[in-house]
Amino acid sequence: MLAVCLAAGIAQATGVDVQAFALAHPGVASLALVSLIGETEIKGLEAALAKINDQVKDHGEKALAEAKRGIDMSTSVKTTVDELLVKQGELVAQVTELEQKAARRGTEDGGAQLKSMGYQLIENEDFKKSVGALQEGKGGKLAIGVKAITSASNSAGQGVNPQVLPGVLTMPARRLTIRDLVAPGRTASNLVRYLKETGFTNNAAPTGEGTRKPESTITYALTDASVKKIAHFIKASSEILEDFPALQSQIDGRLTYGLDFSEEGQLLKGSGSGNNLNGIYTQATAYSAPLVIAGATRIDTLRLMLLQAELAEYPSDGIVLNPIDWAGIELIKDDNARYIIGNPQGTLSPMLWSRPVVATQAMTVDTALVGAFKLAAQIFDRSDAGIVISTENEDDFVNNLVTILIERRLAFAVYRPEAFIKNTNFDGVA
């Protein structure tokens, strides 16, 4: 601050527009104030400096005016100016000493040694030359170059705090629907066994008196659906969970979603081998058109698939398509450029042939599935999704880590594969 005021006094006396310089460098004085000395010392030095600056200004203006008229500076005036400059030099020396102490403290504290405005001023060669010229009674202008104050880490950037948004921005999540289509259930065992009727020969007929009644036959098969486990885990540091409680909730949510995501794929297309569920699409009956329609569209094909299930005595209650295939159907227009399926401005749920349409990326493009989901398939939950947190997995304890695990056990029974019709080439051809 003292050095800035000193520069202002000399600059004003030698023709520098101090007001313009101050406007062009807002905050410089405050920077020097903070980096130089305490408030008590500043007040005393500012009072002494103000008096000297006024005197230097008066003598400087008088000397410049006389120099323009060709009059040399008198010996008495020169002596007075010299004395004032000596006093200014003493104040500058005090400022330098204080700045050096502050710089040493900054270095000892491990921080970057930042040179204040005042310190840069007294080190500046132009400043030293201007002081010498004034002592010799010469005129001139004082131009001081100061290092730019920027957002760099070794400048003012450390004082700028970032804006931190709350919460965690998560990845997008797929809408999961297959579990909602089928019948729910629970089990307390590791195996669900059921007796399934596999054949029925109906010989019921009118029978005359005294004649043998016709015999019908029914065959059964014992079918098992074993309980399977779906699980995964993630590791995290114990410190981050303590310092960021909301993060654990977010992790728990993502782990649950990952479990549901895997389950949806298993319910739909699980292979049935090993630890995989036996999915609906895997067991479904292949599409075979009950009748031939010339130039059949995808809408026609879906109606024929529904008919095939109805002929098997299982009226379908849902249609599953890939979103791309469903979008292709919704965009079909008639000869007058009017949409056939629904209204672009409408808010009705996706429906086709009075059945709800479920669009999911779990279905492959150009494939389709229809069926009696509630009647012919059922989930048996053995245990709901449960989250377990442990520090005793592997070497978590010594590494300050925790393992967050989630798992679910369930069995899946598809009672009637013939109740589901799949089309592996859903490209509009019947």
# chains A, B, ... in the order shown; residues from 1 in each chain; ligands from 1
call {"tool": "select_by_dssp", "arguments": {"residues": "range 164-237 of chain A", "states": "helix (DSSP H, G or I)", "output": "list in words"}}
result
Ile178, Arg179, Asp180 and Leu181 of chain A
call {"tool": "residues_around", "arguments": {"residues": "Ala359 in chain A", "least_positions_apart": "5", "cutoff": "12 Å", "atoms": "only C-alpha atoms", "output": "PyMOL selection string"}}
result
chain A and resi 174-178+318-330+349-351+364-365+367-369
call {"tool": "closest_residue", "arguments": {"among": "A:Ser288, A:Asn423, A:Ser271, A:Thr403", "to": "Leu241 in chain A", "atoms": "only C-alpha atoms"}}
result
A:Thr403
call {"tool": "closest_residue", "arguments": {"among": "A:Tyr415, A:Leu191, A:Asp300, A:Asn393", "to": "Gln283 in chain A", "atoms": "only C-alpha atoms"}}
result
A:Tyr415
call {"tool": "select_by_dssp", "arguments": {"residues": "range 182-261 of chain A", "states": "strand (DSSP E)", "output": "NGL selection string"}}
result
:A and (191-201 or 217-226 or 228-237)
call {"tool": "write_last_selection", "arguments": {"atoms": "N, CA and C atoms", "output": "PDB file, in the first residue's frame"}}
result
ATOM      1  N   LEU A 191     -36.146 -75.076  -4.591  1.00  0.00           N
ATOM      2  CA  LEU A 191     -36.648 -75.712  -5.806  1.00  0.00           C
ATOM      3  C   LEU A 191     -38.167 -75.596  -5.852  1.00  0.00           C
ATOM      4  N   VAL A 192     -38.654 -75.165  -6.987  1.00  0.00           N
ATOM      5  CA  VAL A 192     -40.107 -75.105  -7.221  1.00  0.00           C
ATOM      6  C   VAL A 192     -40.454 -76.241  -8.176  1.00  0.00           C
ATOM      7  N   ARG A 193     -41.294 -77.174  -7.732  1.00  0.00           N
ATOM      8  CA  ARG A 193     -41.674 -78.339  -8.540  1.00  0.00           C
ATOM      9  C   ARG A 193     -43.181 -78.300  -8.764  1.00  0.00           C
ATOM     10  N   TYR A 194     -43.570 -78.530  -9.965  1.00  0.00           N
ATOM     11  CA  TYR A 194     -45.001 -78.496 -10.290  1.00  0.00           C
ATOM     12  C   TYR A 194     -45.321 -79.582 -11.314  1.00  0.00           C
ATOM     13  N   LEU A 195     -46.573 -80.031 -11.227  1.00  0.00           N
ATOM     14  CA  LEU A 195     -47.062 -81.070 -12.127  1.00  0.00           C
ATOM     15  C   LEU A 195     -47.787 -80.396 -13.289  1.00  0.00           C
ATOM     16  N   LYS A 196     -47.285 -80.638 -14.476  1.00  0.00           N
ATOM     17  CA  LYS A 196     -47.829 -79.961 -15.649  1.00  0.00           C
ATOM     18  C   LYS A 196     -48.523 -80.965 -16.559  1.00  0.00           C
ATOM     19  N   GLU A 197     -49.725 -80.618 -16.959  1.00  0.00           N
ATOM     20  CA  GLU A 197     -50.463 -81.453 -17.911  1.00  0.00           C
ATOM     21  C   GLU A 197     -49.820 -81.327 -19.281  1.00  0.00           C
ATOM     22  N   THR A 198     -49.450 -82.464 -19.844  1.00  0.00           N
ATOM     23  CA  THR A 198     -48.788 -82.447 -21.142  1.00  0.00           C
ATOM     24  C   THR A 198     -49.658 -82.983 -22.274  1.00  0.00           C
ATOM     25  N   GLY A 199     -50.767 -83.590 -21.946  1.00  0.00           N
ATOM     26  CA  GLY A 199     -51.635 -84.101 -23.016  1.00  0.00           C
ATOM     27  C   GLY A 199     -53.019 -84.423 -22.502  1.00  0.00           C
ATOM     28  N   PHE A 200     -53.993 -84.269 -23.371  1.00  0.00           N
ATOM     29  CA  PHE A 200     -55.376 -84.569 -23.005  1.00  0.00           C
ATOM     30  C   PHE A 200     -56.094 -85.059 -24.262  1.00  0.00           C
ATOM     31  N   THR A 201     -56.480 -86.327 -24.174  1.00  0.00           N
ATOM     32  CA  THR A 201     -57.269 -86.897 -25.266  1.00  0.00           C
ATOM     33  C   THR A 201     -58.722 -86.942 -24.807  1.00  0.00           C
ATOM     34  N   THR A 217     -57.961 -89.698 -21.878  1.00  0.00           N
ATOM     35  CA  THR A 217     -56.653 -89.835 -21.207  1.00  0.00           C
ATOM     36  C   THR A 217     -56.028 -88.456 -20.978  1.00  0.00           C
ATOM     37  N   ILE A 218     -55.334 -88.376 -19.850  1.00  0.00           N
ATOM     38  CA  ILE A 218     -54.582 -87.154 -19.525  1.00  0.00           C
ATOM     39  C   ILE A 218     -53.186 -87.584 -19.100  1.00  0.00           C
ATOM     40  N   THR A 219     -52.174 -86.901 -19.621  1.00  0.00           N
ATOM     41  CA  THR A 219     -50.792 -87.200 -19.239  1.00  0.00           C
ATOM     42  C   THR A 219     -50.192 -85.982 -18.526  1.00  0.00           C
ATOM     43  N   TYR A 220     -49.268 -86.264 -17.599  1.00  0.00           N
ATOM     44  CA  TYR A 220     -48.654 -85.207 -16.805  1.00  0.00           C
ATOM     45  C   TYR A 220     -47.131 -85.364 -16.829  1.00  0.00           C
ATOM     46  N   ALA A 221     -46.458 -84.295 -16.509  1.00  0.00           N
ATOM     47  CA  ALA A 221     -44.997 -84.321 -16.404  1.00  0.00           C
ATOM     48  C   ALA A 221     -44.593 -83.502 -15.182  1.00  0.00           C
ATOM     49  N   LEU A 222     -43.635 -84.031 -14.418  1.00  0.00           N
ATOM     50  CA  LEU A 222     -43.136 -83.324 -13.243  1.00  0.00           C
ATOM     51  C   LEU A 222     -42.027 -82.383 -13.704  1.00  0.00           C
ATOM     52  N   THR A 223     -42.202 -81.117 -13.429  1.00  0.00           N
ATOM     53  CA  THR A 223     -41.267 -80.096 -13.921  1.00  0.00           C
ATOM     54  C   THR A 223     -40.673 -79.336 -12.747  1.00  0.00           C
ATOM     55  N   ASP A 224     -39.375 -79.086 -12.819  1.00  0.00           N
ATOM     56  CA  ASP A 224     -38.670 -78.368 -11.768  1.00  0.00           C
ATOM     57  C   ASP A 224     -38.182 -77.008 -12.263  1.00  0.00           C
ATOM     58  N   ALA A 225     -38.279 -76.029 -11.388  1.00  0.00           N
ATOM     59  CA  ALA A 225     -37.684 -74.698 -11.623  1.00  0.00           C
ATOM     60  C   ALA A 225     -36.819 -74.393 -10.402  1.00  0.00           C
ATOM     61  N   SER A 226     -35.514 -74.486 -10.578  1.00  0.00           N
ATOM     62  CA  SER A 226     -34.615 -74.301  -9.439  1.00  0.00           C
ATOM     63  C   SER A 226     -34.383 -72.814  -9.164  1.00  0.00           C
ATOM     64  N   LYS A 228     -32.338 -69.625  -8.580  1.00  0.00           N
ATOM     65  CA  LYS A 228     -31.052 -69.112  -9.046  1.00  0.00           C
ATOM     66  C   LYS A 228     -30.716 -67.823  -8.302  1.00  0.00           C
ATOM     67  N   LYS A 229     -29.439 -67.528  -8.260  1.00  0.00           N
ATOM     68  CA  LYS A 229     -28.974 -66.314  -7.575  1.00  0.00           C
ATOM     69  C   LYS A 229     -28.399 -65.344  -8.595  1.00  0.00           C
ATOM     70  N   ILE A 230     -28.792 -64.069  -8.458  1.00  0.00           N
ATOM     71  CA  ILE A 230     -28.216 -62.978  -9.251  1.00  0.00           C
ATOM     72  C   ILE A 230     -27.541 -62.032  -8.265  1.00  0.00           C
ATOM     73  N   ALA A 231     -26.270 -61.732  -8.475  1.00  0.00           N
ATOM     74  CA  ALA A 231     -25.535 -60.931  -7.496  1.00  0.00           C
ATOM     75  C   ALA A 231     -24.415 -60.155  -8.159  1.00  0.00           C
ATOM     76  N   HIS A 232     -23.976 -59.089  -7.497  1.00  0.00           N
ATOM     77  CA  HIS A 232     -22.752 -58.369  -7.859  1.00  0.00           C
ATOM     78  C   HIS A 232     -22.359 -57.475  -6.692  1.00  0.00           C
ATOM     79  N   PHE A 233     -21.119 -56.956  -6.737  1.00  0.00           N
ATOM     80  CA  PHE A 233     -20.642 -56.125  -5.631  1.00  0.00           C
ATOM     81  C   PHE A 233     -19.745 -55.024  -6.176  1.00  0.00           C
ATOM     82  N   ILE A 234     -19.438 -54.073  -5.294  1.00  0.00           N
ATOM     83  CA  ILE A 234     -18.535 -52.977  -5.639  1.00  0.00           C
ATOM     84  C   ILE A 234     -17.711 -52.657  -4.401  1.00  0.00           C
ATOM     85  N   LYS A 235     -16.486 -52.190  -4.623  1.00  0.00           N
ATOM     86  CA  LYS A 235     -15.619 -51.807  -3.516  1.00  0.00           C
ATOM     87  C   LYS A 235     -15.565 -50.281  -3.408  1.00  0.00           C
ATOM     88  N   ALA A 236     -15.447 -49.802  -2.175  1.00  0.00           N
ATOM     89  CA  ALA A 236     -15.325 -48.368  -1.915  1.00  0.00           C
ATOM     90  C   ALA A 236     -14.477 -48.182  -0.666  1.00  0.00           C
ATOM     91  N   SER A 237     -13.883 -47.003  -0.546  1.00  0.00           N
ATOM     92  CA  SER A 237     -13.081 -46.733   0.650  1.00  0.00           C
ATOM     93  C   SER A 237     -14.002 -46.422   1.816  1.00  0.00           C
TER      94      SER A 237
END
